[in-house]
Amino acid sequence: MKADVSIAHVLPPPGSHRLLIKNMVCPQCIRVVGEDLAALGLQVHRVALGEADISMPDGTSLDWAAIRRRLHDAGFELLEDARDQLVDRIKTLLVALIHYPPPGPRLLNYSDYLVEHLGKDYHYLSHLFSAAEGLTIEKFIIRQKVERAKELIGYDELPIAGVAELLGYSSPAHLSRQFRQVTGLTPTEFQRLGPASHARRSLDSLI
């Protein structure tokens with residue numbers, strides 16, 4: 001099994017099935033899902049945020065009810081409705097990009113990124129997401145970036161300007177405005193409160 005927090009295009013192996021799974025938001029989730037699927041006797045080819053490629057070693061049919069139960073018991077959910085799959089894929093792509101960015105220059109155009117990876121018009125994606133989640137893609141991105149900023153501030157290894165640059169903000173003031181909108185505090189005020197204030201909300205509670 002290959003664990004993967006990347007968001008590259010990867011085709012499932014021939015003869016395998018790709019599962020789309022809700023609430024996978026961290027590397028730990030990848031490990032748990034991989035172990036649970038393997039415990040069912042499945043051949044697990046690859047597990048990434050929000051998805052897993054599996055097959056039966058003997059070529060028999062998958063026991064979908066057992067897969068659903070196993071994932072549910074571990075706090076995950078097998079997504080089978082096409083629209084639910086697409087909404088969750090939007091969230092998974094954005095969480096991975098903001099919290100586990102790949103090496104190289106940081107991407108700033110999230111709309112183009114979603115269009116490229118999902119092959120859908122951005123207006124359609126935006127409308128579908130808003131209808132399903134009750135907030136826009138843009139507000140979801142802000143929430144995730146602020147949560148990531150809280151983590152980086154908690155490390156106390158970068159100045160606020162460095163956090164802003166790392167997260168792709170045009171200026172520290174831009175970060176400060178969005179941070180205050182979400183938390184009620186500026187990044188500097190949050191930092192001054194000390195470690196007790198730096199506990200992050202779990203990512204699954206944000207998606």
# chains A, B, ... in the order shown; residues from 1 in each chain; ligands from 1
>>> residues_around(residues="stretch 68-82 of chain A", least_positions_apart="4", cutoff="7 Å", atoms="only C-alpha atoms", output="compact mmCIF listing (two decimals) with N, CA and C atoms, in the first residue's frame")
# COMPACT_ATOMS: atom_id res chain seq x y z
N LEU A 20 -14.13 6.73 -2.83
CA LEU A 20 -14.06 8.13 -2.40
C LEU A 20 -14.63 8.19 -0.98
N ILE A 21 -13.83 8.72 -0.07
CA ILE A 21 -14.11 8.56 1.36
C ILE A 21 -14.13 9.92 2.04
N LYS A 22 -15.20 10.18 2.78
CA LYS A 22 -15.38 11.44 3.50
C LYS A 22 -14.66 11.40 4.84
N ASN A 23 -14.18 12.58 5.27
CA ASN A 23 -13.53 12.81 6.57
C ASN A 23 -12.08 12.36 6.63
N ASP A 36 -7.60 -0.55 7.90
CA ASP A 36 -8.95 -1.10 7.99
C ASP A 36 -9.35 -1.84 6.72
N TRP A 64 -19.44 -4.61 -0.44
CA TRP A 64 -19.61 -3.17 -0.21
C TRP A 64 -20.20 -2.89 1.17
N LEU A 86 -18.25 14.90 -5.56
CA LEU A 86 -17.60 16.08 -6.14
C LEU A 86 -17.37 17.15 -5.08
>>> residues_around(residues="stretch 111-125 of chain A", least_positions_apart="2", cutoff="8 Å", atoms="only C-alpha atoms", output="ChimeraX atom specification")
/A:9,87,90,93,109,127-129
>>> write_last_selection(atoms="all heavy atoms", output="mmCIF file, in the first residue's frame")
data_model
loop_
_atom_site.group_PDB
_atom_site.id
_atom_site.type_symbol
_atom_site.label_atom_id
_atom_site.label_comp_id
_atom_site.auth_asym_id
_atom_site.auth_seq_id
_atom_site.Cartn_x
_atom_site.Cartn_y
_atom_site.Cartn_z
ATOM 1 N N HIS A 9 -2.727 13.696 -10.237
ATOM 2 C CA HIS A 9 -3.614 12.794 -10.963
ATOM 3 C C HIS A 9 -2.975 11.410 -10.991
ATOM 4 O O HIS A 9 -1.885 11.236 -11.511
ATOM 5 C CB HIS A 9 -3.822 13.289 -12.395
ATOM 6 C CG HIS A 9 -4.553 14.591 -12.479
ATOM 7 N ND1 HIS A 9 -5.882 14.727 -12.140
ATOM 8 C CD2 HIS A 9 -4.143 15.818 -12.863
ATOM 9 C CE1 HIS A 9 -6.263 15.979 -12.330
ATOM 10 N NE2 HIS A 9 -5.226 16.655 -12.750
ATOM 11 N N VAL A 87 -18.355 17.388 -4.224
ATOM 12 C CA VAL A 87 -18.194 18.373 -3.156
ATOM 13 C C VAL A 87 -17.065 17.965 -2.219
ATOM 14 O O VAL A 87 -16.220 18.787 -1.837
ATOM 15 C CB VAL A 87 -19.509 18.552 -2.370
ATOM 16 C CG1 VAL A 87 -19.277 19.365 -1.103
ATOM 17 C CG2 VAL A 87 -20.563 19.241 -3.239
ATOM 18 N N ILE A 90 -13.706 18.551 -3.791
ATOM 19 C CA ILE A 90 -13.311 19.963 -3.711
ATOM 20 C C ILE A 90 -12.650 20.238 -2.366
ATOM 21 O O ILE A 90 -11.563 20.839 -2.287
ATOM 22 C CB ILE A 90 -14.531 20.890 -3.904
ATOM 23 C CG1 ILE A 90 -15.060 20.798 -5.338
ATOM 24 C CG2 ILE A 90 -14.164 22.345 -3.569
ATOM 25 C CD1 ILE A 90 -16.404 21.494 -5.532
ATOM 26 N N LEU A 93 -9.176 18.431 -1.999
ATOM 27 C CA LEU A 93 -8.130 19.102 -2.774
ATOM 28 C C LEU A 93 -7.650 20.363 -2.074
ATOM 29 O O LEU A 93 -6.443 20.636 -1.992
ATOM 30 C CB LEU A 93 -8.653 19.436 -4.174
ATOM 31 C CG LEU A 93 -8.778 18.274 -5.156
ATOM 32 C CD1 LEU A 93 -9.583 18.706 -6.380
ATOM 33 C CD2 LEU A 93 -7.405 17.774 -5.584
ATOM 34 N N ASN A 109 -4.013 30.658 -7.477
ATOM 35 C CA ASN A 109 -5.304 30.649 -8.163
ATOM 36 C C ASN A 109 -6.021 29.329 -7.884
ATOM 37 O O ASN A 109 -5.850 28.342 -8.601
ATOM 38 C CB ASN A 109 -5.109 30.856 -9.669
ATOM 39 C CG ASN A 109 -6.419 31.208 -10.345
ATOM 40 O OD1 ASN A 109 -7.462 30.669 -10.019
ATOM 41 N ND2 ASN A 109 -6.366 32.132 -11.291
ATOM 42 N N HIS A 127 -21.374 26.786 -7.459
ATOM 43 C CA HIS A 127 -22.804 26.686 -7.148
ATOM 44 C C HIS A 127 -23.107 25.397 -6.399
ATOM 45 O O HIS A 127 -23.848 25.401 -5.398
ATOM 46 C CB HIS A 127 -23.617 26.741 -8.445
ATOM 47 C CG HIS A 127 -25.100 26.572 -8.234
ATOM 48 N ND1 HIS A 127 -25.902 27.572 -7.740
ATOM 49 C CD2 HIS A 127 -25.908 25.489 -8.437
ATOM 50 C CE1 HIS A 127 -27.143 27.135 -7.654
ATOM 51 N NE2 HIS A 127 -27.175 25.880 -8.070
ATOM 52 N N LEU A 128 -22.532 24.283 -6.845
ATOM 53 C CA LEU A 128 -22.765 22.999 -6.199
ATOM 54 C C LEU A 128 -22.250 23.021 -4.759
ATOM 55 O O LEU A 128 -22.935 22.565 -3.833
ATOM 56 C CB LEU A 128 -22.053 21.891 -6.983
ATOM 57 C CG LEU A 128 -22.171 20.471 -6.420
ATOM 58 C CD1 LEU A 128 -23.605 19.961 -6.518
ATOM 59 C CD2 LEU A 128 -21.225 19.525 -7.166
ATOM 60 N N PHE A 129 -21.070 23.571 -4.561
ATOM 61 C CA PHE A 129 -20.462 23.613 -3.232
ATOM 62 C C PHE A 129 -21.301 24.472 -2.281
ATOM 63 O O PHE A 129 -21.586 24.062 -1.150
ATOM 64 C CB PHE A 129 -19.043 24.169 -3.336
ATOM 65 C CG PHE A 129 -18.242 24.055 -2.065
ATOM 66 C CD1 PHE A 129 -17.452 22.955 -1.835
ATOM 67 C CD2 PHE A 129 -18.287 25.052 -1.108
ATOM 68 C CE1 PHE A 129 -16.708 22.837 -0.665
ATOM 69 C CE2 PHE A 129 -17.562 24.954 0.061
ATOM 70 C CZ PHE A 129 -16.762 23.840 0.285
#
>>> atom_distance(atom1="atom CA of A:Arg46", atom2="atom CA of A:Ser61")
18.8 Å
>>> closest_residue(among="A:Val146, A:Val10, A:Leu152, A:Ile137", to="A:Val47", atoms="only C-alpha atoms")
A:Val10
>>> residues_around(residues="A:Pro57", least_positions_apart="3", cutoff="9 Å", atoms="only C-alpha atoms", output="PyMOL selection string")
chain A and resi 41-43+60
>>> write_last_selection(atoms="all heavy atoms", output="JSON list (two decimals), in the first residue's frame")
[["chain", "number", "residue", "atom", "x", "y", "z"],
["A", 41, "GLY", "N", -9.33, -8.03, 4.10],
["A", 41, "GLY", "CA", -8.81, -8.95, 3.11],
["A", 41, "GLY", "C", -8.68, -8.35, 1.72],
["A", 41, "GLY", "O", -8.48, -9.07, 0.74],
["A", 42, "LEU", "N", -8.77, -7.02, 1.63],
["A", 42, "LEU", "CA", -8.67, -6.33, 0.35],
["A", 42, "LEU", "C", -7.22, -6.07, -0.01],
["A", 42, "LEU", "O", -6.37, -5.88, 0.85],
["A", 42, "LEU", "CB", -9.42, -5.00, 0.41],
["A", 42, "LEU", "CG", -10.92, -5.08, 0.71],
["A", 42, "LEU", "CD1", -11.47, -3.70, 1.03],
["A", 42, "LEU", "CD2", -11.66, -5.69, -0.47],
["A", 43, "GLN", "N", -6.95, -6.07, -1.29],
["A", 43, "GLN", "CA", -5.66, -5.61, -1.79],
["A", 43, "GLN", "C", -5.72, -4.09, -1.88],
["A", 43, "GLN", "O", -6.51, -3.54, -2.65],
["A", 43, "GLN", "CB", -5.37, -6.20, -3.16],
["A", 43, "GLN", "CG", -4.05, -5.75, -3.78],
["A", 43, "GLN", "CD", -2.85, -6.28, -3.02],
["A", 43, "GLN", "OE1", -2.81, -7.44, -2.64],
["A", 43, "GLN", "NE2", -1.88, -5.42, -2.79],
["A", 60, "THR", "N", -12.78, -11.88, -6.80],
["A", 60, "THR", "CA", -14.20, -11.97, -6.49],
["A", 60, "THR", "C", -14.77, -10.57, -6.29],
["A", 60, "THR", "O", -14.05, -9.58, -6.26],
["A", 60, "THR", "CB", -14.44, -12.82, -5.23],
["A", 60, "THR", "OG1", -13.70, -12.25, -4.15],
["A", 60, "THR", "CG2", -13.99, -14.25, -5.47]]
>>> atom_distance(atom1="atom CA of A:Leu185", atom2="atom CA of A:Ser130")
26.4 Å
>>> atom_distance(atom1="atom CA of A:Leu49", atom2="atom CA of A:Cys26")
7.0 Å
>>> select_by_dssp(residues="stretch 18-169 of chain A", states="strand (DSSP E or B)", output="PyMOL selection string")
chain A and resi 18-22+43-48+51-55+77-78
>>> select_by_dssp(residues="stretch 96-164 of chain A", states="helix (DSSP H, G or I)", output="PyMOL selection string")
chain A and resi 96-99+110-118+122-133+137-155+160-164
>>> closest_residue(among="A:Leu166, A:Ile153, A:Ile30, A:Leu19", to="A:Phe179", atoms="only C-alpha atoms")
A:Ile153
>>> closest_residue(among="A:Leu11, A:Ile141, A:Ala52, A:Ala161", to="A:Thr188", atoms="only C-alpha atoms")
A:Ala161
>>> residues_around(residues="stretch 97-108 of chain A", least_positions_apart="4", cutoff="7 Å", atoms="only C-alpha atoms", output="PyMOL selection string")
chain A and resi 93+144-145+148+168
